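Heads up, the thing below is written out as structure tokens.
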Amino acid sequence: MTGTRQGLGARGEAIAREQLEAEGYRIRETNYRTAGGELDIVAEEGEFLVFVEVRARRGRGFGMPEESIGPRKAARLVRLAEQYAQAHPDAPQHLRIDVVAVELAGNGRLDRVEIIRNAVSA
């Protein structure tokens, strides 16, 4: 399953959901798509509406997963978060963008999963 990029992404998102729920996040939606892009996970934690970008990598040959979010991706996440919040007035009004970094070994074993709160300024 993790042999393809899509498989790696799907496994990373499943691991991220488990970790988020274990830490008290309440998942609202996954893979929320708009014309402007996709939000991997939309959740609530306390008084925050949290938009979670999942970054999964196999090994560190191309750096750590969380390092792969550049300025363009960050700006897109902020824009999508604001659009989601406007379309869902019932959601908490405090917004935050977190990143879940998932690292897998070459054999598929989970090496690291880390929630990075406020990873992108909203």
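All residue names refer to the structure tokens as shown: chains lettered A, B, ... in order, residues numbered from 1 in each chain, ligands numbered from 1 in order.
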Fewer than 6 positions away in the same chain doesn't count, so skip those; otherwise give me all residues within 8 Å of segment 103-118 of chain A, counting only C-alpha atoms, as a VMD selection string. chain A and resid 2 15 to 16 19 to 20 56 to 59 64 to 65 96 to 97
Exercise: Leu49 of chain A partners within 7 Å, only C-alpha atoms, chain neighbours under 2 positions left out, as a PyMOL selection string: chain A and resi 43-45+47+51+91-96
Residues of chain A classed as strand (DSSP E or B) by DSSP on the backbone are to be reported as a ChimeraX atom specification. /A:26-34,37-45,48-58,94-104,110-120
Determine, counting only C-alpha atoms, which protein, DNA and RNA residues have an atom within 7 Å of an atom of Arg55 of chain A; residues of the same chain fewer than 4 positions away are not included. Present the result as a ChimeraX atom specification. /A:65-66,100-102
Those residues you just picked out, can you put them in a file as a compact mmCIF listing (two decimals), in the first residue's frame with C-alpha atoms?
# COMPACT_ATOMS: atom_id res chain seq x y z
CA PRO A 65 8.20 15.91 6.13
CA GLU A 66 7.31 19.23 7.75
CA VAL A 100 1.27 16.17 11.26
CA ALA A 101 4.66 14.86 10.21
CA VAL A 102 4.77 11.12 9.56
Exercise: Gly36 of chain A partners within 10 Å, only C-alpha atoms, chain neighbours under 5 positions left out, as a PyMOL selection string: chain A and resi 76-77+79-80+83
Name the residues in contact with Ala74 of chain A at a cut-off of 12 Å, using only C-alpha atoms, excluding same-chain residues fewer than 4 positions from it; report them as a list in words.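 Those residues are Leu39, Phe51, Val52, Glu53, Glu66, Glu67, Ser68, Ile69, Gly70, Val78, Arg79, Leu80, Ala81, Ile97, Asp98, Val99, Asn118, Ala119, Val120, Ser121 and Ala122 of chain A.
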